[in-house]
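protein.cif (mmCIF, C-alpha atoms)
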```
data_protein
loop_
_atom_site.label_atom_id
_atom_site.label_comp_id
_atom_site.auth_asym_id
_atom_site.auth_seq_id
_atom_site.Cartn_x
_atom_site.Cartn_y
_atom_site.Cartn_z
CA MET L 910 52.10 164.58 84.11
CA ASP L 911 55.62 165.98 83.77
CA HIS L 912 55.25 169.61 82.73
CA LYS L 913 58.94 169.74 81.83
CA LEU L 914 58.47 167.33 78.94
CA LYS L 915 58.59 169.08 75.58
CA VAL L 916 57.82 167.88 72.09
CA ALA L 917 59.73 168.04 68.82
CA VAL L 918 57.33 167.99 65.86
CA ILE L 919 59.05 166.58 62.77
CA ILE L 920 57.65 167.17 59.29
CA ALA L 921 58.93 165.45 56.14
CA ALA L 922 57.83 167.53 53.16
CA MET L 923 58.05 167.20 49.40
CA ASN L 924 56.30 169.63 47.06
CA ALA L 925 54.09 170.68 49.97
CA SER L 926 54.08 174.46 49.47
CA ALA L 927 50.27 174.51 49.39
CA THR L 928 49.85 172.86 52.80
CA ILE L 929 53.04 173.25 54.82
CA THR L 930 52.08 176.62 56.35
CA ARG L 931 49.02 175.27 58.14
CA ALA L 932 50.96 172.26 59.42
CA ILE L 933 53.72 174.44 60.90
CA ILE L 934 51.35 177.02 62.39
CA SER L 935 49.30 174.29 64.08
CA ALA L 936 52.45 172.84 65.67
CA LEU L 937 53.90 176.18 66.81
CA ALA L 938 50.55 177.08 68.39
CA ASP L 939 50.94 174.31 70.99
CA GLN L 940 52.71 175.41 74.17
CA ASN L 941 54.19 171.94 74.61
CA VAL L 942 56.12 172.15 71.33
CA ALA L 943 59.75 173.08 71.86
CA GLU L 944 60.84 172.71 68.25
CA VAL L 945 59.48 172.09 64.78
CA ILE L 946 61.89 170.44 62.35
CA VAL L 947 60.89 170.53 58.67
CA VAL L 948 62.94 168.47 56.22
CA ASP L 949 62.29 169.41 52.59
CA ASP L 950 62.97 166.24 50.61
CA ALA L 951 64.43 167.96 47.51
CA SER L 952 61.14 169.54 46.45
CA SER L 953 60.77 170.97 42.95
CA ASP L 954 58.58 173.78 44.29
CA ASP L 955 59.23 176.44 46.97
CA THR L 956 58.33 174.28 49.96
CA ALA L 957 61.42 175.32 51.95
CA ALA L 958 60.83 179.06 51.42
CA VAL L 959 57.14 178.77 52.30
CA ALA L 960 58.04 176.79 55.41
CA ARG L 961 60.53 179.41 56.57
CA ALA L 962 57.92 182.11 56.05
CA ALA L 963 55.65 180.35 58.56
CA ASP L 964 58.10 181.09 61.41
CA ASP L 965 56.36 182.82 64.31
CA GLY L 966 59.53 184.45 65.63
CA SER L 967 59.88 182.11 68.62
CA ASN L 968 63.09 180.53 67.26
CA ARG L 969 61.48 177.07 67.41
CA LEU L 970 61.39 176.40 63.65
CA THR L 971 64.22 174.75 61.72
CA VAL L 972 63.98 174.05 57.99
CA LEU L 973 66.45 171.62 56.45
CA VAL L 974 66.75 170.68 52.77
CA GLN L 975 67.82 167.28 51.47
CA PRO L 976 70.33 167.51 48.59
CA VAL L 977 68.52 164.71 46.73
CA ASN L 978 65.14 163.10 47.18
CA ALA L 979 65.63 160.20 49.60
CA GLY L 980 62.07 159.44 50.73
CA PRO L 981 60.07 160.10 53.88
CA ALA L 982 62.00 157.64 56.06
CA ALA L 983 65.32 159.38 55.41
CA ALA L 984 63.73 162.80 55.93
CA ARG L 985 62.24 161.74 59.26
CA ASN L 986 65.53 160.24 60.41
CA ARG L 987 67.30 163.50 59.65
CA ALA L 988 64.65 165.41 61.57
CA VAL L 989 64.90 163.07 64.56
CA ASP L 990 68.68 163.46 64.62
CA ALA L 991 68.43 167.25 64.29
CA SER L 992 66.00 167.56 67.20
CA SER L 993 66.76 167.32 70.91
CA SER L 994 63.43 167.25 72.77
CA PRO L 995 62.57 164.19 74.88
CA LEU L 996 59.37 163.57 72.90
CA ILE L 997 59.04 163.28 69.11
CA ALA L 998 55.81 163.68 67.14
CA VAL L 999 55.42 163.03 63.42
CA LEU L 1000 53.23 165.43 61.44
CA ASP L 1001 52.62 164.92 57.72
CA ALA L 1002 53.08 168.05 55.62
CA ASP L 1003 49.46 168.17 54.44
CA ASP L 1004 47.95 167.44 57.89
CA PHE L 1005 47.61 169.64 60.97
CA LEU L 1006 47.30 169.39 64.75
CA LEU L 1007 44.17 170.24 66.67
CA PRO L 1008 44.31 172.50 69.75
CA GLY L 1009 45.11 170.76 73.02
CA ARG L 1010 46.54 167.64 71.42
CA PHE L 1011 49.68 167.35 73.51
CA ASP L 1012 47.98 168.33 76.77
CA ALA L 1013 45.77 165.27 76.38
CA LEU L 1014 48.63 162.93 75.43
CA LEU L 1015 51.01 164.15 78.14
CA ALA L 1016 48.34 163.68 80.78
CA GLU L 1017 48.85 159.92 80.38
CA ASP L 1018 51.62 158.03 82.11
CA GLU L 1019 53.52 154.80 81.44
CA TRP L 1020 53.91 154.83 77.69
CA ASP L 1021 56.69 154.85 75.13
CA PHE L 1022 54.36 155.60 72.21
CA ALA L 1023 51.07 157.48 72.63
CA ALA L 1024 48.57 158.14 69.85
CA ASP L 1025 45.12 159.71 69.67
CA ASP L 1026 42.04 159.65 67.49
CA ILE L 1027 42.12 161.25 64.05
CA LEU L 1028 39.78 163.67 62.33
CA PHE L 1029 39.69 162.78 58.61
CA VAL L 1030 39.21 165.93 56.55
CA PRO L 1031 38.26 165.78 52.86
CA ALA L 1032 40.77 167.81 50.87
CA ASP L 1033 38.05 170.03 49.38
CA ARG L 1034 36.99 171.02 52.91
CA ALA L 1035 40.42 171.42 54.49
CA LEU L 1036 39.91 175.16 55.03
CA ASP L 1037 36.36 174.90 56.39
CA PRO L 1038 35.67 175.55 60.09
CA LEU L 1039 36.21 172.42 62.14
CA PRO L 1040 33.19 170.52 63.48
CA THR L 1041 32.52 170.27 67.19
CA ILE L 1042 34.11 167.10 68.54
CA THR L 1043 32.43 165.60 71.58
CA ALA L 1044 34.85 164.79 74.40
CA ASP L 1045 35.43 161.06 74.82
CA LYS L 1046 35.71 159.96 78.46
CA ARG L 1047 36.87 156.40 77.77
CA PRO L 1048 40.16 155.48 79.46
CA ALA L 1049 43.23 155.06 77.28
CA SER L 1050 43.71 151.63 75.75
CA THR L 1051 46.89 149.65 75.12
CA LEU L 1052 47.78 148.50 71.62
CA GLY L 1053 49.78 145.30 71.26
CA ALA L 1054 51.91 144.13 68.35
CA ALA L 1055 49.38 141.61 67.00
CA GLY L 1056 46.51 144.11 67.10
CA PHE L 1057 48.63 146.79 65.46
CA ILE L 1058 49.73 144.50 62.62
CA ASP L 1059 46.22 143.19 61.99
CA GLY L 1060 44.96 146.77 61.99
CA ASN L 1061 47.26 147.51 59.06
CA ILE L 1062 45.75 144.85 56.77
CA SER L 1063 43.25 146.36 54.36
CA ARG L 1064 40.25 144.24 53.38
CA ARG L 1065 38.04 144.61 50.34
CA GLY L 1066 34.77 146.29 51.17
CA ARG L 1067 35.91 147.25 54.67
CA SER L 1068 37.70 150.25 56.07
CA ARG L 1069 41.21 149.55 57.27
CA GLY L 1070 40.34 151.42 60.46
CA GLU L 1071 42.34 154.09 62.18
CA ILE L 1072 45.30 151.99 63.36
CA GLY L 1073 47.22 152.34 60.09
CA PHE L 1074 46.85 156.12 60.26
CA LEU L 1075 47.83 156.75 63.88
CA LYS L 1076 50.62 159.27 64.45
CA PRO L 1077 52.02 158.49 67.91
CA VAL L 1078 54.24 160.67 70.03
CA MET L 1079 57.44 158.77 70.82
CA ARG L 1080 59.86 158.90 73.72
CA ARG L 1081 63.35 159.64 72.45
CA SER L 1082 64.83 157.61 75.32
CA PHE L 1083 63.12 154.46 74.00
CA LEU L 1084 64.31 155.07 70.44
CA GLU L 1085 67.89 155.58 71.59
CA ALA L 1086 67.86 152.62 73.99
CA HIS L 1087 66.84 150.30 71.13
CA GLY L 1088 68.67 151.99 68.25
CA LEU L 1089 65.42 152.66 66.41
CA ARG L 1090 65.28 154.67 63.20
CA TYR L 1091 63.15 154.38 60.05
CA ARG L 1092 64.29 151.94 57.33
CA GLU L 1093 65.35 154.36 54.62
CA GLN L 1094 64.93 151.91 51.73
CA LEU L 1095 61.17 151.85 52.40
CA ARG L 1096 58.99 154.46 50.72
CA LEU L 1097 55.78 152.61 51.53
CA GLY L 1098 54.89 151.35 55.01
CA GLU L 1099 58.01 152.84 56.57
CA ASP L 1100 56.03 153.97 59.61
CA TYR L 1101 54.29 150.58 59.96
CA GLU L 1102 57.62 148.71 59.89
CA PHE L 1103 59.15 151.17 62.37
CA TYR L 1104 56.31 150.78 64.87
CA VAL L 1105 56.34 146.98 64.57
CA ARG L 1106 60.03 146.90 65.44
CA ALA L 1107 59.33 149.17 68.41
CA LEU L 1108 56.51 146.93 69.64
CA LEU L 1109 58.68 143.83 69.25
CA ALA L 1110 61.30 145.62 71.35
CA GLY L 1111 58.74 146.02 74.13
CA ALA L 1112 57.29 149.47 73.49
CA ARG L 1113 54.23 150.37 75.57
CA TYR L 1114 51.81 151.83 73.02
CA LYS L 1115 48.79 153.70 74.38
CA VAL L 1116 45.86 155.11 72.44
CA VAL L 1117 44.21 158.10 74.11
CA HIS L 1118 40.60 158.61 73.07
CA HIS L 1119 40.99 162.31 72.40
CA CYS L 1120 40.88 163.69 68.86
CA GLY L 1121 44.04 165.72 68.31
CA TYR L 1122 45.28 165.00 64.78
CA ALA L 1123 43.63 166.12 61.53
CA ALA L 1124 44.50 164.05 58.46
CA VAL L 1125 43.65 165.56 55.09
CA VAL L 1126 42.45 162.86 52.69
CA ARG L 1127 43.62 163.36 49.10
CA ALA L 1128 43.09 161.16 46.06
CA ASP L 1129 46.63 162.03 44.87
CA SER L 1130 48.48 161.35 48.12
CA LEU L 1131 51.99 159.91 47.86
CA SER L 1132 50.87 156.76 49.69
CA GLY L 1133 48.37 156.15 46.90
CA ARG L 1134 51.08 156.33 44.20
CA HIS L 1135 53.45 153.63 45.40
CA ARG L 1136 55.56 151.65 42.95
CA THR L 1137 55.67 147.90 42.43
CA GLU L 1138 59.16 147.95 43.92
CA ASP L 1139 57.79 149.68 47.03
CA LEU L 1140 55.42 146.77 47.59
CA ARG L 1141 58.23 144.24 47.10
CA LEU L 1142 60.43 146.03 49.64
CA LEU L 1143 57.60 146.16 52.18
CA TRP L 1144 56.98 142.44 51.73
CA GLN L 1145 60.71 141.77 52.20
CA ALA L 1146 60.62 143.95 55.34
CA ASP L 1147 57.87 141.73 56.76
CA LEU L 1148 59.97 138.65 56.03
CA ALA L 1149 62.92 140.24 57.85
CA LEU L 1150 60.69 140.99 60.84
CA LEU L 1151 59.56 137.36 60.91
CA ALA L 1152 63.16 136.37 61.63
CA LEU L 1153 62.92 138.12 65.03
CA PRO L 1154 61.69 136.40 68.20
CA MET L 1155 57.99 137.00 68.91
CA ASP L 1156 54.90 135.45 70.45
CA PRO L 1157 52.84 133.07 68.30
CA ASP L 1158 49.90 135.48 67.98
CA VAL L 1159 52.21 138.22 66.76
CA ARG L 1160 53.87 135.83 64.30
CA GLY L 1161 50.47 134.83 62.95
CA ALA L 1162 49.47 138.46 62.42
CA LEU L 1163 52.78 139.24 60.74
CA GLU L 1164 52.46 136.22 58.45
CA ARG L 1165 48.98 137.43 57.46
CA HIS L 1166 50.32 140.91 56.73
CA ALA L 1167 53.24 139.52 54.71
CA GLY L 1168 50.85 137.35 52.69
CA HIS L 1169 48.57 140.33 52.07
CA ILE L 1170 51.45 142.51 50.85
CA ARG L 1171 52.84 139.69 48.70
CA LYS L 1172 49.49 139.29 46.92
CA ARG L 1173 49.36 143.04 46.25
CA TYR L 1174 52.93 142.93 44.93
CA GLU L 1175 52.30 139.94 42.65
CA LEU L 1176 49.17 141.54 41.22
CA ARG L 1177 50.99 144.80 40.57
CA ARG L 1178 53.92 142.94 38.96
CA PHE L 1179 51.49 141.06 36.67
CA LEU L 1180 49.79 144.32 35.65
CA ASP L 1181 53.20 145.89 34.94
CA GLU L 1182 54.13 142.92 32.74
CA LYS L 1183 50.78 143.11 30.97
CA ALA L 1184 51.28 146.82 30.26
CA ALA L 1185 54.81 146.25 28.99
CA ASP L 1186 54.49 142.96 27.10
CA GLY L 1187 50.78 142.31 26.55
CA LEU L 1188 48.35 139.91 28.18
CA VAL L 1189 49.69 136.71 26.56
CA ARG L 1190 53.30 137.18 27.63
CA ALA L 1191 52.24 138.37 31.08
CA GLY L 1192 50.09 135.26 31.40
CA ILE L 1193 52.99 133.02 30.41
CA ALA L 1194 55.21 134.76 32.95
CA GLY L 1195 52.52 134.29 35.58
CA LEU L 1196 52.26 130.57 34.80
CA SER L 1197 55.98 130.26 35.50
CA ARG L 1198 55.17 131.41 39.05
CA PRO L 1199 52.23 129.13 39.91
CA ARG L 1200 52.13 130.13 43.59
CA THR L 1201 51.25 133.67 42.59
CA LEU L 1202 48.27 132.77 40.38
CA PRO L 1203 45.55 132.62 43.08
CA GLY L 1204 46.49 136.07 44.36
CA ILE L 1205 46.59 137.54 40.87
CA ALA L 1206 43.25 136.00 39.90
CA SER L 1207 41.49 137.06 43.10
CA GLY L 1208 42.97 140.55 42.89
CA ILE L 1209 41.79 141.07 39.32
CA ALA L 1210 38.33 139.70 40.12
CA SER L 1211 38.02 141.92 43.19
CA ASP L 1212 39.13 145.01 41.28
CA LYS L 1213 36.59 144.39 38.51
CA LEU L 1214 33.78 143.68 40.97
CA GLU L 1215 34.58 146.80 42.98
CA THR L 1216 34.64 148.93 39.83
CA LEU L 1217 31.30 147.50 38.68
CA LEU L 1218 29.66 148.11 42.06
CA ARG L 1219 30.87 151.71 42.11
CA ARG L 1220 29.43 152.31 38.67
CA LEU L 1221 26.09 150.81 39.66
CA ASP L 1222 26.05 152.69 42.93
CA ARG L 1223 27.37 155.91 41.35
CA ARG L 1224 28.96 157.02 44.59
CA PRO L 1225 32.64 157.75 45.23
CA ALA L 1226 34.77 155.01 46.73
CA GLU L 1227 34.51 154.88 50.51
CA LEU L 1228 37.41 156.47 52.32
CA PRO L 1229 38.82 154.73 55.37
CA ARG L 1230 36.90 156.28 58.25
CA HIS L 1231 34.97 155.60 61.36
CA ARG L 1232 31.98 157.30 62.94
CA GLN L 1233 30.64 160.39 61.22
CA LEU L 1234 30.62 163.70 63.09
CA SER L 1235 28.85 165.82 60.54
CA GLU L 1236 28.48 165.88 56.80
CA GLY L 1237 31.89 165.35 55.19
CA TRP L 1238 33.82 164.92 58.42
CA ARG L 1239 34.64 161.75 60.34
CA VAL L 1240 36.81 160.81 63.25
CA GLY L 1241 38.85 157.64 63.83
#
```

Could you rewrite the structure in this file as C-alpha cells?
Amino acid sequence: MDHKLKVAVIIAAMNASATITRAIISALADQNVAEVIVVDDASSDDTAAVARAADDGSNRLTVLVQPVNAGPAAARNRAVDASSSPLIAVLDADDFLLPGRFDALLAEDEWDFAADDILFVPADRALDPLPTITADKRPASTLGAAGFIDGNISRRGRSRGEIGFLKPVMRRSFLEAHGLRYREQLRLGEDYEFYVRALLAGARYKVVHHCGYAAVVRADSLSGRHRTEDLRLLWQADLALLALPMDPDVRGALERHAGHIRKRYELRRFLDEKAADGLVRAGIAGLSRPRTLPGIASGIASDKLETLLRRLDRRPAELPRHRQLSEGWRVG
C-alpha cells in the first residue's frame, strides 16, 4: 500500500440540497481524501450554498457551479479536470461513504479501477443508524469487460445485481494515458459506457469485498426518469463501442446489451407515439418498423404481467439488492 496516494472525491449535484451535506461530510471524514470537488449542475435550489456550508475548514472542499445544466457526465468531467489527486472516486450527491472505505481499497495492489460492495439504504431510513456489517474475508476478484457488460443488463423478475451500481476508484494516470472522459451527450448510462471503454483499453478492474459505499434508493431518482432520447443515445453508444476491437466474448456481451437497450428504446418510442397520436396511429407507425414489433409486444406484455403480479401480491416492487443484513437494509 502506498500511503502517499490521496483521493479526489468528485460529486455531481443537481437540486441536491437535502442530501449533499451528508455526502460531503462522509468524504471529508476520510483521512485519505485530499480534495472534494462538488459541481452544481445549474440547480434551481440552493445546492451550492448548502455544499459550501458543509466545509470543515480543512481547505479540501471546492464547489463549482455550471452556468447551464449539462448533465452528470459534463459535471464529472469538470470535476475530474479541476482535481489533481492521483486517485479519483465518484460519489453521487444523495449517497455517502462508509468509514474506512479507502483504507480497504488502497490496501489492494495492481489495479486501475477498484470498487467495493454497496450498502443499499431505503430513502425513508437514510438517517437511521447503520447496521453492523460483518467483515468479508474473501480475496478481491477481477472484473472483466464481458462480465461487467452482462452485469448491466436488467432482466424481468431478477435483480440486476450490484455491478451496475459499483462506484470504483480510478487511477488518474490510466485516464490520462488513454484520454478517458465521460461522454457528455449521455445522460443515462454515462458511467457504464465510460467503464466499458476503460476495460476495452485494458483497465485492471478489481472488486474488493468490503462494504464502503452507501447508496440511497429513491423512487424519484434521476436514473429512473430518463427520456426516450436518453435510451436512443445509449443504444447508439453501444453501437459505437462495437466498432472497437474486442474479444468475441466481450462482443457477444455488448451485442446483448445493445439489443436490450434497443428494445427498451423502441418500447418507449411506441408509448410516446401512443400518448401523442393514439393507439391506432402508434400501431401503424410500429408496423412500418417490423423489426421493432417483437420487442414492443414483449415489453408491453411483461409490463402488464408485472403490474398484475404486484397487485395480487400487494407488495412493493423489489429493489435491486443482494443479501439482507437486517430489516430494510441490504448489501451488494

Q: Could you tell me which residues the PyMOL selection byres ((chain L and resi 1120) around 10) grabs in this file, written as an NGL selection string?
A: :L and (1006-1010 or 1013 or 1024-1028 or 1042-1045 or 1117-1119 or 1121-1123 or 1240-1241)

Q.
I need the residue nearest Leu1109 (chain L) from this list: L:Leu1095, L:Leu1151, L:Ala991, L:Ala1146. Use only C-alpha atoms for the distance.
A. L:Leu1151

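Taking all atoms listed in the file into account, Ala1016 (chain L) lies nearest to L:Leu914 out of the set L:Ala960, L:Ala921, L:Ala1086, L:Leu914.
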
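You will find CA of Arg985 (chain L) at 7.1 Å from CA of Ile920 (chain L).
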
Excluding region 936-943 of chain L and residues on its chain fewer than 4 positions from it, collect all residues at most 6 Å away from it, counting all atoms listed in the file, and give them as a compact mmCIF listing (two decimals) with C-alpha atoms, keeping the file's coordinate frame.
```txt
# COMPACT_ATOMS: atom_id res chain seq x y z
CA LYS L 915 58.59 169.08 75.58
CA VAL L 916 57.82 167.88 72.09
CA ALA L 917 59.73 168.04 68.82
```

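In this comparison, which uses all atoms listed in the file, the residue of L:His1135, L:Arg1113, L:Arg1106, L:Lys1076 approaching Met1155 (chain L) most closely is L:Arg1106.
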
Which residues, written as a short mmCIF file (atom, residue, chain, number, x, y, z; two decimals) with C-alpha atoms, keeping the file's coordinate frame, have at least one atom at most 8 Å from region 947-956 of chain L, with only C-alpha atoms counted and residues fewer than 6 positions away on the same chain left out?
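Contents of result06.cif, freshly written:
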```cif
data_model
loop_
_atom_site.label_atom_id
_atom_site.label_comp_id
_atom_site.auth_asym_id
_atom_site.auth_seq_id
_atom_site.Cartn_x
_atom_site.Cartn_y
_atom_site.Cartn_z
CA ILE L 919 59.05 166.58 62.77
CA ILE L 920 57.65 167.17 59.29
CA ALA L 921 58.93 165.45 56.14
CA ALA L 922 57.83 167.53 53.16
CA MET L 923 58.05 167.20 49.40
CA ASN L 924 56.30 169.63 47.06
CA ALA L 925 54.09 170.68 49.97
CA SER L 926 54.08 174.46 49.47
CA ILE L 929 53.04 173.25 54.82
CA LEU L 970 61.39 176.40 63.65
CA THR L 971 64.22 174.75 61.72
CA VAL L 972 63.98 174.05 57.99
CA LEU L 973 66.45 171.62 56.45
CA VAL L 974 66.75 170.68 52.77
CA GLN L 975 67.82 167.28 51.47
CA PRO L 976 70.33 167.51 48.59
CA VAL L 977 68.52 164.71 46.73
CA ASN L 978 65.14 163.10 47.18
CA ALA L 979 65.63 160.20 49.60
CA GLY L 980 62.07 159.44 50.73
CA PRO L 981 60.07 160.10 53.88
CA ALA L 984 63.73 162.80 55.93
CA ARG L 985 62.24 161.74 59.26
CA ARG L 987 67.30 163.50 59.65
CA ALA L 988 64.65 165.41 61.57
#
```

With region 1033-1041 of chain L as the partner and 10 Å as the cut-off, tabulate the residues of region 1068-1143 of chain L that qualify, each row holding the nearest pair of atoms and their distance in Å to one decimal, using only C-alpha atoms, sorted by chain and rising number, as CSV.
```
residue,atom,partner,partner_atom,distance
L:Ala1123,CA,L:Ala1035,CA,9.4
L:Ala1124,CA,L:Ala1035,CA,9.3
L:Val1125,CA,L:Ala1035,CA,6.7
L:Val1126,CA,L:Ala1035,CA,9.0
L:Arg1127,CA,L:Asp1033,CA,8.7
```
